[in-house]
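Here is run-v4.cif, consisting of mmCIF, C-alpha atoms:
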```cif
data_model
loop_
_atom_site.label_atom_id
_atom_site.label_comp_id
_atom_site.auth_asym_id
_atom_site.auth_seq_id
_atom_site.Cartn_x
_atom_site.Cartn_y
_atom_site.Cartn_z
CA MET A 1 35.83 -21.49 9.30
CA ASP A 2 35.36 -25.14 10.21
CA SER A 3 32.06 -27.00 10.06
CA LYS A 4 31.28 -26.19 13.72
CA ASP A 5 31.65 -22.48 13.00
CA TYR A 6 29.48 -22.80 9.92
CA GLY A 7 26.89 -24.46 12.14
CA LEU A 8 26.97 -21.46 14.48
CA VAL A 9 26.58 -19.01 11.61
CA LYS A 10 23.78 -21.08 10.10
CA GLU A 11 22.00 -21.11 13.47
CA GLU A 12 22.20 -17.31 13.75
CA ILE A 13 21.04 -16.86 10.15
CA THR A 14 18.04 -19.12 10.76
CA LEU A 15 17.17 -17.07 13.84
CA VAL A 16 17.44 -13.73 12.01
CA ILE A 17 15.43 -14.97 9.02
CA SER A 18 12.68 -16.47 11.18
CA GLU A 19 12.37 -13.19 13.08
CA LEU A 20 12.28 -11.14 9.89
CA ASN A 21 9.85 -13.56 8.29
CA SER A 22 7.34 -13.70 11.14
CA LYS A 23 4.67 -12.38 8.74
CA GLU A 24 5.75 -14.63 5.84
CA ILE A 25 6.89 -11.62 3.88
CA LEU A 26 10.29 -12.82 2.66
CA SER A 27 10.68 -14.62 -0.65
CA ASN A 28 13.27 -17.36 -1.14
CA GLN A 29 15.47 -14.85 -2.94
CA ASP A 30 15.36 -12.52 0.08
CA LYS A 31 16.40 -15.40 2.35
CA ILE A 32 19.27 -16.32 0.01
CA GLU A 33 20.41 -12.69 0.05
CA ILE A 34 20.36 -12.35 3.84
CA GLU A 35 22.12 -15.69 4.27
CA ASP A 36 24.83 -14.64 1.82
CA HIS A 37 25.22 -11.30 3.63
CA PHE A 38 25.90 -12.97 6.98
CA TYR A 39 28.33 -15.52 5.55
CA CYS A 40 30.25 -12.75 3.75
CA ASP A 41 30.38 -10.50 6.81
CA VAL A 42 31.41 -13.25 9.21
CA GLU A 43 34.09 -14.55 6.82
CA ASN A 44 35.38 -11.01 6.40
CA LEU A 45 35.52 -10.38 10.16
CA VAL A 46 37.07 -13.79 10.91
CA GLY A 47 39.66 -12.98 8.23
CA ASN A 48 40.47 -9.83 10.21
CA GLY A 49 41.21 -11.87 13.33
CA LEU A 50 37.88 -12.14 15.18
CA SER A 51 36.55 -15.44 16.49
CA THR A 52 33.35 -16.73 14.87
CA ARG A 53 31.26 -15.80 17.92
CA GLU A 54 32.69 -12.27 18.01
CA ALA A 55 32.22 -11.94 14.27
CA LEU A 56 28.60 -13.01 14.60
CA LEU A 57 27.96 -10.42 17.30
CA VAL A 58 29.48 -7.65 15.18
CA ALA A 59 27.66 -8.80 12.03
CA ARG A 60 24.36 -8.94 13.90
CA SER A 61 24.87 -5.44 15.31
CA ARG A 62 25.83 -4.01 11.91
CA PHE A 63 22.77 -5.60 10.31
CA GLY A 64 20.46 -3.38 12.37
CA ALA A 65 17.17 -3.73 14.26
CA LEU A 66 15.09 -6.52 12.77
CA ASP A 67 11.75 -4.82 13.54
CA GLY A 68 12.68 -1.84 11.38
CA ILE A 69 13.91 -4.03 8.52
CA ARG A 70 10.72 -6.11 8.68
CA GLU A 71 8.65 -2.94 8.48
CA ASP A 72 10.67 -1.81 5.46
CA TYR A 73 9.92 -5.12 3.74
CA GLU A 74 6.23 -4.71 4.56
CA VAL A 75 6.23 -1.30 2.90
CA VAL A 76 8.05 -2.60 -0.16
CA LYS A 77 5.92 -5.73 -0.50
CA PRO A 78 2.39 -4.69 0.34
CA GLU A 79 1.00 -7.47 -1.86
CA GLU A 80 1.96 -9.92 0.88
CA ASN A 81 -0.81 -8.46 3.02
CA LEU A 82 -4.37 -9.76 2.76
CA LEU A 83 -5.78 -6.23 2.62
CA TYR A 84 -3.76 -5.57 -0.48
CA PHE A 85 -5.46 -8.50 -2.23
CA VAL A 86 -8.81 -6.92 -1.42
CA PHE A 87 -7.52 -3.63 -2.84
CA ILE A 88 -6.40 -5.38 -6.04
CA GLY A 89 -9.80 -7.11 -6.22
CA VAL A 90 -11.60 -3.78 -5.99
CA LEU A 91 -9.23 -2.28 -8.56
CA LEU A 92 -9.74 -5.10 -11.05
CA PHE A 93 -13.48 -5.03 -10.51
CA SER A 94 -13.64 -1.25 -10.97
CA PHE A 95 -11.44 -1.40 -14.04
CA MET A 96 -13.47 -4.15 -15.75
CA LYS A 97 -16.84 -2.71 -14.80
CA GLY A 98 -15.68 0.80 -15.69
CA LEU A 99 -14.57 -0.44 -19.13
CA PHE A 100 -17.98 -2.04 -19.74
CA VAL A 101 -19.81 1.06 -18.52
CA ALA A 102 -17.68 3.28 -20.78
CA ILE A 103 -18.47 0.99 -23.72
CA ASN A 104 -22.18 1.09 -22.85
CA MET A 105 -22.10 4.87 -22.73
CA ILE A 106 -20.38 5.15 -26.11
CA ALA A 107 -22.90 2.67 -27.53
CA GLN A 108 -25.75 4.73 -26.03
CA VAL A 109 -24.40 7.89 -27.64
CA PHE A 110 -24.25 5.95 -30.91
CA TRP A 111 -27.91 4.93 -30.44
CA ILE A 112 -28.94 8.52 -29.67
CA GLY A 113 -27.26 9.56 -32.91
CA ILE A 114 -29.19 6.94 -34.82
CA TYR A 115 -32.51 7.99 -33.23
CA MET A 116 -31.90 11.62 -33.94
CA TYR A 117 -30.95 11.26 -37.58
CA ASN A 118 -32.88 8.20 -38.72
CA SER A 119 -35.74 6.93 -36.61
CA THR A 120 -36.67 4.24 -39.19
CA PHE A 121 -33.27 2.64 -38.73
CA ILE A 122 -34.15 1.03 -35.36
CA GLU A 123 -34.19 -2.61 -36.53
CA ASN A 124 -30.64 -2.32 -37.78
CA ASN A 125 -29.37 -0.74 -34.57
CA PHE A 126 -29.10 -4.06 -32.75
CA TRP A 127 -26.81 -5.51 -35.39
CA MET A 128 -24.68 -2.42 -35.52
CA ASP A 129 -24.48 -2.13 -31.74
CA ILE A 130 -22.90 -5.54 -31.03
CA PRO A 131 -19.84 -5.16 -33.32
CA LEU A 132 -19.37 -1.63 -32.00
CA ARG A 133 -19.21 -2.92 -28.41
CA PHE A 134 -16.79 -5.69 -29.39
CA ILE A 135 -14.53 -3.24 -31.19
CA LEU A 136 -14.49 -0.87 -28.19
CA LEU A 137 -13.85 -3.75 -25.75
CA GLY A 138 -11.02 -4.99 -27.98
CA ILE A 139 -9.42 -1.53 -28.11
CA GLY A 140 -9.77 -1.12 -24.32
CA LEU A 141 -8.21 -4.50 -23.56
CA LEU A 142 -5.43 -4.01 -26.11
CA VAL A 143 -4.47 -0.62 -24.66
CA SER A 144 -4.50 -2.04 -21.09
CA PHE A 145 -2.45 -5.07 -22.16
CA ARG A 146 0.16 -2.88 -23.86
CA LEU A 147 0.41 -0.65 -20.78
CA PHE A 148 0.94 -3.63 -18.46
CA LYS A 149 3.42 -5.22 -20.88
CA ARG A 150 5.47 -2.04 -20.93
CA ASN A 151 5.66 -1.99 -17.15
CA PRO A 152 5.24 -5.54 -15.78
CA THR A 153 6.32 -4.60 -12.23
CA VAL A 154 3.53 -2.08 -11.98
CA ASN A 155 2.76 -0.60 -8.58
CA PHE A 156 -1.01 -0.97 -8.17
CA ASN A 157 -1.14 1.77 -5.53
CA ARG A 158 -0.81 4.27 -8.36
CA PHE A 159 -4.27 3.31 -9.60
CA TRP A 160 -6.17 4.36 -6.48
CA TYR A 161 -8.37 6.66 -8.59
CA VAL A 162 -9.79 3.83 -10.76
CA PRO A 163 -12.68 2.96 -8.35
CA ILE A 164 -13.57 6.67 -8.08
CA LEU A 165 -13.52 6.99 -11.86
CA TYR A 166 -15.75 3.94 -12.10
CA VAL A 167 -18.32 5.39 -9.67
CA VAL A 168 -18.38 8.66 -11.65
CA LEU A 169 -18.86 6.72 -14.90
CA GLU A 170 -21.59 4.58 -13.32
CA VAL A 171 -23.49 7.69 -12.17
CA MET A 172 -23.17 9.23 -15.65
CA HIS A 173 -24.27 5.98 -17.25
CA ARG A 174 -27.34 5.68 -15.03
CA THR A 175 -28.24 9.30 -15.68
CA MET A 176 -28.07 8.59 -19.40
CA GLY A 177 -30.08 5.37 -19.01
CA PHE A 178 -32.84 6.83 -16.82
CA VAL A 179 -33.07 10.42 -17.99
CA VAL A 180 -31.51 11.16 -21.36
CA LEU A 181 -32.29 8.08 -23.44
CA PRO A 182 -36.02 7.66 -22.59
CA GLY A 183 -36.49 11.37 -23.28
CA ILE A 184 -34.90 11.14 -26.69
CA ASN A 185 -36.29 7.80 -27.80
CA PRO A 186 -39.88 8.35 -28.96
CA TYR A 187 -40.44 4.59 -29.29
CA GLU A 188 -39.74 3.89 -25.61
CA PRO A 189 -43.03 2.78 -23.89
CA VAL A 190 -44.06 4.83 -20.84
CA ASN A 191 -43.56 1.99 -18.33
CA ALA A 192 -40.26 0.94 -19.88
CA LEU A 193 -38.38 3.38 -17.69
CA ARG A 194 -39.38 1.51 -14.50
CA THR A 195 -38.68 -1.92 -16.02
CA TYR A 196 -35.33 -0.71 -17.29
CA GLY A 197 -34.45 0.69 -13.86
CA VAL A 198 -35.27 -2.55 -11.98
CA MET A 199 -33.42 -4.59 -14.60
CA MET A 200 -30.38 -2.38 -14.26
CA GLN A 201 -30.41 -2.60 -10.45
CA ASN A 202 -30.55 -6.42 -10.46
CA GLU A 203 -27.99 -6.71 -13.19
CA THR A 204 -25.65 -4.28 -11.43
CA PHE A 205 -25.94 -6.01 -8.03
CA VAL A 206 -25.31 -9.51 -9.42
CA GLY A 207 -22.54 -8.12 -11.63
CA ILE A 208 -20.84 -6.36 -8.73
CA VAL A 209 -20.84 -9.48 -6.52
CA LEU A 210 -19.72 -11.81 -9.32
CA ILE A 211 -16.98 -9.61 -10.71
CA PHE A 212 -15.73 -8.76 -7.23
CA LEU A 213 -15.42 -12.46 -6.33
CA ILE A 214 -13.75 -13.29 -9.65
CA SER A 215 -11.32 -10.38 -9.18
CA LEU A 216 -10.39 -11.60 -5.70
CA VAL A 217 -9.70 -15.16 -6.91
CA VAL A 218 -7.72 -13.90 -9.89
CA SER A 219 -5.62 -11.53 -7.79
CA PHE A 220 -4.89 -14.29 -5.26
CA LYS A 221 -3.76 -16.64 -8.03
CA LEU A 222 -1.81 -13.87 -9.73
CA PHE A 223 0.25 -13.14 -6.64
CA ARG A 224 0.70 -16.79 -5.72
CA LEU A 225 2.09 -17.38 -9.20
CA LYS A 226 4.33 -14.36 -8.83
CA ARG A 227 5.72 -15.68 -5.55
CA GLU A 228 6.37 -19.15 -6.95
CA ASP A 229 7.99 -17.62 -9.99
CA HIS A 230 10.39 -15.75 -7.70
CA ARG A 231 11.11 -18.92 -5.76
CA TYR A 232 12.46 -20.80 -8.75
CA VAL A 233 14.21 -18.08 -10.73
CA MET B 1 31.94 7.27 11.54
CA LYS B 2 29.30 9.95 11.46
CA ASN B 3 25.81 9.29 12.65
CA ILE B 4 23.68 10.67 9.82
CA SER B 5 19.93 11.06 10.27
CA LYS B 6 17.76 8.20 9.08
CA ASP B 7 15.85 10.47 6.69
CA LEU B 8 19.00 11.59 4.92
CA VAL B 9 20.29 8.02 4.66
CA ALA B 10 16.92 6.93 3.23
CA ALA B 11 16.95 9.77 0.70
CA SER B 12 20.49 9.08 -0.45
CA CYS B 13 20.20 5.31 -0.45
CA ILE B 14 18.63 4.89 -3.91
CA PRO B 15 21.03 7.19 -5.81
CA LEU B 16 23.97 5.55 -4.02
CA VAL B 17 22.88 2.03 -4.93
CA LEU B 18 22.02 2.96 -8.53
CA SER B 19 25.37 4.74 -8.93
CA ILE B 20 27.23 1.63 -7.78
CA LEU B 21 25.19 -0.60 -10.07
CA GLU B 22 25.88 1.76 -12.99
CA GLU B 23 29.53 0.68 -12.75
CA GLY B 24 28.57 -2.97 -13.11
CA GLU B 25 26.39 -5.71 -11.66
CA ASP B 26 26.85 -6.42 -7.99
CA TYR B 27 25.41 -8.16 -4.92
CA GLY B 28 24.13 -6.77 -1.59
CA TYR B 29 27.17 -7.18 0.65
CA SER B 30 29.55 -5.83 -1.99
CA ILE B 31 27.32 -2.78 -2.54
CA ILE B 32 27.44 -2.02 1.21
CA LYS B 33 31.25 -2.28 1.23
CA LYS B 34 31.54 -0.01 -1.83
CA VAL B 35 29.40 2.63 -0.13
CA MET B 36 31.69 2.43 2.92
CA VAL B 37 34.80 2.83 0.74
CA ALA B 38 33.25 5.71 -1.24
CA SER B 39 32.38 7.56 1.96
CA ASN B 40 35.81 6.84 3.44
CA ASN B 41 34.10 4.81 6.19
CA GLN B 42 32.22 7.91 7.30
CA LEU B 43 28.73 6.86 6.33
CA GLU B 44 27.10 4.61 8.91
CA TRP B 45 24.45 2.38 7.37
CA LYS B 46 22.36 -0.22 9.09
CA GLU B 47 23.36 -2.90 6.65
CA GLY B 48 20.09 -4.84 6.74
CA SER B 49 18.17 -1.77 5.54
CA LEU B 50 19.77 -2.09 2.11
CA TYR B 51 17.88 -5.27 1.22
CA PRO B 52 14.34 -3.84 1.31
CA VAL B 53 15.69 -0.94 -0.78
CA LEU B 54 17.09 -3.35 -3.37
CA SER B 55 13.75 -5.15 -3.31
CA LYS B 56 11.96 -1.86 -3.93
CA LEU B 57 14.27 -0.95 -6.82
CA GLU B 58 13.63 -4.34 -8.40
CA LYS B 59 9.89 -4.03 -7.91
CA ASN B 60 9.84 -0.57 -9.45
CA GLY B 61 11.65 -1.96 -12.48
CA TYR B 62 14.92 -0.02 -12.07
CA VAL B 63 17.16 -3.08 -11.58
CA ASN B 64 17.15 -6.69 -12.73
CA SER B 65 18.36 -9.58 -10.62
CA ASP B 66 19.46 -13.15 -10.95
CA ILE B 67 20.59 -15.86 -8.58
CA ARG B 68 23.97 -17.45 -9.21
CA THR B 69 25.89 -20.14 -7.38
CA GLU B 70 29.46 -19.28 -6.38
CA ASN B 71 31.60 -21.75 -4.41
CA GLY B 72 28.48 -23.72 -3.53
CA ARG B 73 26.69 -20.64 -2.14
CA LYS B 74 23.75 -18.93 -3.77
CA ARG B 75 24.10 -15.19 -4.37
CA LYS B 76 21.69 -12.60 -5.77
CA TYR B 77 23.20 -10.24 -8.32
CA TYR B 78 21.65 -6.95 -9.38
CA SER B 79 22.17 -4.99 -12.57
CA ILE B 80 20.83 -1.60 -13.56
CA ASN B 81 18.51 -1.45 -16.59
CA LYS B 82 17.39 1.36 -18.91
CA PRO B 83 14.63 2.79 -16.64
CA GLY B 84 17.12 2.59 -13.75
CA LYS B 85 19.66 4.63 -15.70
CA SER B 86 17.04 7.26 -16.51
CA LYS B 87 16.02 7.36 -12.85
CA LEU B 88 19.65 7.78 -11.81
CA ALA B 89 20.13 10.67 -14.27
CA GLU B 90 17.03 12.30 -12.82
CA LEU B 91 18.23 11.82 -9.22
CA ARG B 92 21.69 13.07 -10.11
CA GLU B 93 20.23 16.33 -11.37
CA GLU B 94 18.16 16.72 -8.19
CA TRP B 95 21.14 16.09 -5.92
CA LYS B 96 23.34 18.45 -7.94
CA LEU B 97 20.77 21.19 -7.49
CA ILE B 98 20.56 20.55 -3.74
CA THR B 99 24.34 20.44 -3.22
CA ASN B 100 24.91 23.53 -5.37
CA THR B 101 22.31 25.43 -3.38
CA MET B 102 23.83 24.30 -0.07
CA ASN B 103 27.33 25.20 -1.25
CA THR B 104 26.18 28.66 -2.29
CA LEU B 105 24.48 29.26 1.03
CA TRP B 106 27.25 27.83 3.19
CA THR B 107 30.28 29.31 1.41
CA PRO B 108 31.53 32.33 3.41
CA LYS B 109 30.79 35.50 1.45
CA THR B 110 33.80 37.68 0.66
CA THR B 111 33.30 41.40 0.82
CA VAL B 112 35.13 43.53 -1.72
#
```

Represent the structure contained in this file as structure tokens.
Amino acid sequence: MDSKDYGLVKEEITLVISELNSKEILSNQDKIEIEDHFYCDVENLVGNGLSTREALLVARSRFGALDGIREDYEVVKPEENLLYFVFIGVLLFSFMKGLFVAINMIAQVFWIGIYMYNSTFIENNFWMDIPLRFILLGIGLLVSFRLFKRNPTVNFNRFWYVPILYVVLEVMHRTMGFVVLPGINPYEPVNALRTYGVMMQNETFVGIVLIFLISLVVSFKLFRLKREDHRYV
Amino acid sequence: MKNISKDLVAASCIPLVLSILEEGEDYGYSIIKKVMVASNNQLEWKEGSLYPVLSKLEKNGYVNSDIRTENGRKRKYYSINKPGKSKLAELREEWKLITNTMNTLWTPKTTV
């Protein structure tokens, strides 16, 4: 093929890629791949005796309907959609909050144990409780990190149940906080239940908003980094 | 060429691609041509559909890829990795079961 023919092929490739990429879903690697495909096919067909224009027509027809291919890319790369970022944000939020709630619950069980077996031990509880929470948080993060390291191209859709699990944990945690603990703890003042409830509500609302926003920013940055990483590999 | 239903092509696409990559690393266009040769030019594939499939395989961690420059043109090569080989073994067993069942059902029964 001479330079004029290459120009024709390049023009067609640009057209195909811009149609496929109308939703900015293709990475640079995808574009390289499609470009290489067309050059290979046209060269092959020209080698078999077709003119460049004929070869382009055949190559374009063999490539298939662009709408369908674009839809396939959208299915494969859902993280390119804004909604998916929101989903990841909710997932991260639920995971982090769920981890903290689980730790709180374990710590509460630990406290109940202390109350039941040694009610004079209360002053020491505070100092025992903090390391316990740190140890549990450490274990939780370590396990999560190892899981993600083992499978770095994890499909987040698989974790759809995490927000549900979090809600279940939150309900259990609140039940423990409002019902079980005040009943067991003889040192809890009568009005402490109401104060504790209001405190928990405020804390939970602020926590939800903050962690949700942080999760969204983190997930945006995460995927932007991922895209740039692909661009320069 | 036979016009095979889209569902069947979609179902067979991943084992076909993984089987080709098991023989050695390869790039998109070459994979398409190898499928054509293997099917004796009988299998009609919309060629562009292969690329989202390759993307999916890479995302699921079954293949690795790298970009190389050949004769001044960039090309994306794929190679199968360990999880990909396990997946292929799994798919092979499934397809064997299906084809064996079909063969049993479709083979004319001889009466003694």

Residues selected by the PyMOL selection byres ((chain A) within 6 of (chain B)), written as a ChimeraX atom specification: /A:33,37,62-64,69,72-73,76,153

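Of the residues under consideration (A:Asp36, A:Glu43, A:Asp5, A:Glu74), A:Glu74 shows the shortest atom-to-atom contact distance to Asn21 in chain A when counting only C-alpha atoms.
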
Tell me, as a ChimeraX atom specification, which residues lie within 10 Å of Ser12 in chain B, counting all atoms listed in the file; anything in the same chain fewer than 5 positions away does not count. /B:6-7,17,91,95

In Å, with one decimal, what is the gap from CA of Ser94 in chain A to CA of Val171 in chain A? 13.4 Å

Atom pair CA of Ser27 in chain A + CA of Glu12 in chain A, distance 18.6 Å

Students should find that CA of Arg92 in chain B and CA of Asp30 in chain A are spaced 28.3 Å

Nearest-residue call for Cys40 in chain A, choices A:Leu15, A:Gln108, A:Gly68, A:Val9, using all atoms listed in the file: A:Val9

So which residues fall inside 8 Å of (28.5, 3.2, -6.7) if we count only C-alpha atoms? Mind giving them as a short mmCIF file (atom, residue, chain, number, x, y, z; two decimals) with C-alpha atoms, keeping the file's coordinate frame?
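That gives us selection-v6.cif:
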```cif
data_model
loop_
_atom_site.label_atom_id
_atom_site.label_comp_id
_atom_site.auth_asym_id
_atom_site.auth_seq_id
_atom_site.Cartn_x
_atom_site.Cartn_y
_atom_site.Cartn_z
CA LEU B 16 23.97 5.55 -4.02
CA VAL B 17 22.88 2.03 -4.93
CA LEU B 18 22.02 2.96 -8.53
CA SER B 19 25.37 4.74 -8.93
CA ILE B 20 27.23 1.63 -7.78
CA LEU B 21 25.19 -0.60 -10.07
CA GLU B 22 25.88 1.76 -12.99
CA GLU B 23 29.53 0.68 -12.75
CA ILE B 31 27.32 -2.78 -2.54
CA LYS B 34 31.54 -0.01 -1.83
CA VAL B 35 29.40 2.63 -0.13
CA ALA B 38 33.25 5.71 -1.24
#
```

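Applied to the file shown here, the PyMOL selection byres ((chain A and resi 165) around 12) selects Leu91, Ser94, Phe95, Met96, Lys97, Gly98, Leu99, Val101, Ala102, Phe159, Trp160, Tyr161, Val162, Pro163, Ile164, Tyr166, Val167, Val168, Leu169, Glu170, Val171 and Met172 of chain A.
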
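Of the listed residues (A:Arg60, A:Leu213, A:Val46, A:Lys4), A:Arg60 comes nearest to Ile17 in chain A; the distances count only C-alpha atoms.
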
Quick one: what's the axis-aligned box for range 53-57 of chain A, all listed atoms, 5 Å on every side, centre and edges in Å to one decimal, as lines of an AutoDock Vina configuration file?
```
center_x = 30.3
center_y = -13.1
center_z = 16.1
size_x = 14.7
size_y = 15.4
size_z = 13.7
```

Which of these, B:Leu43, B:Met102, B:Lys87, B:Val37, has the shortest distance to Ile4 in chain B once you count all atoms listed in the file? B:Leu43
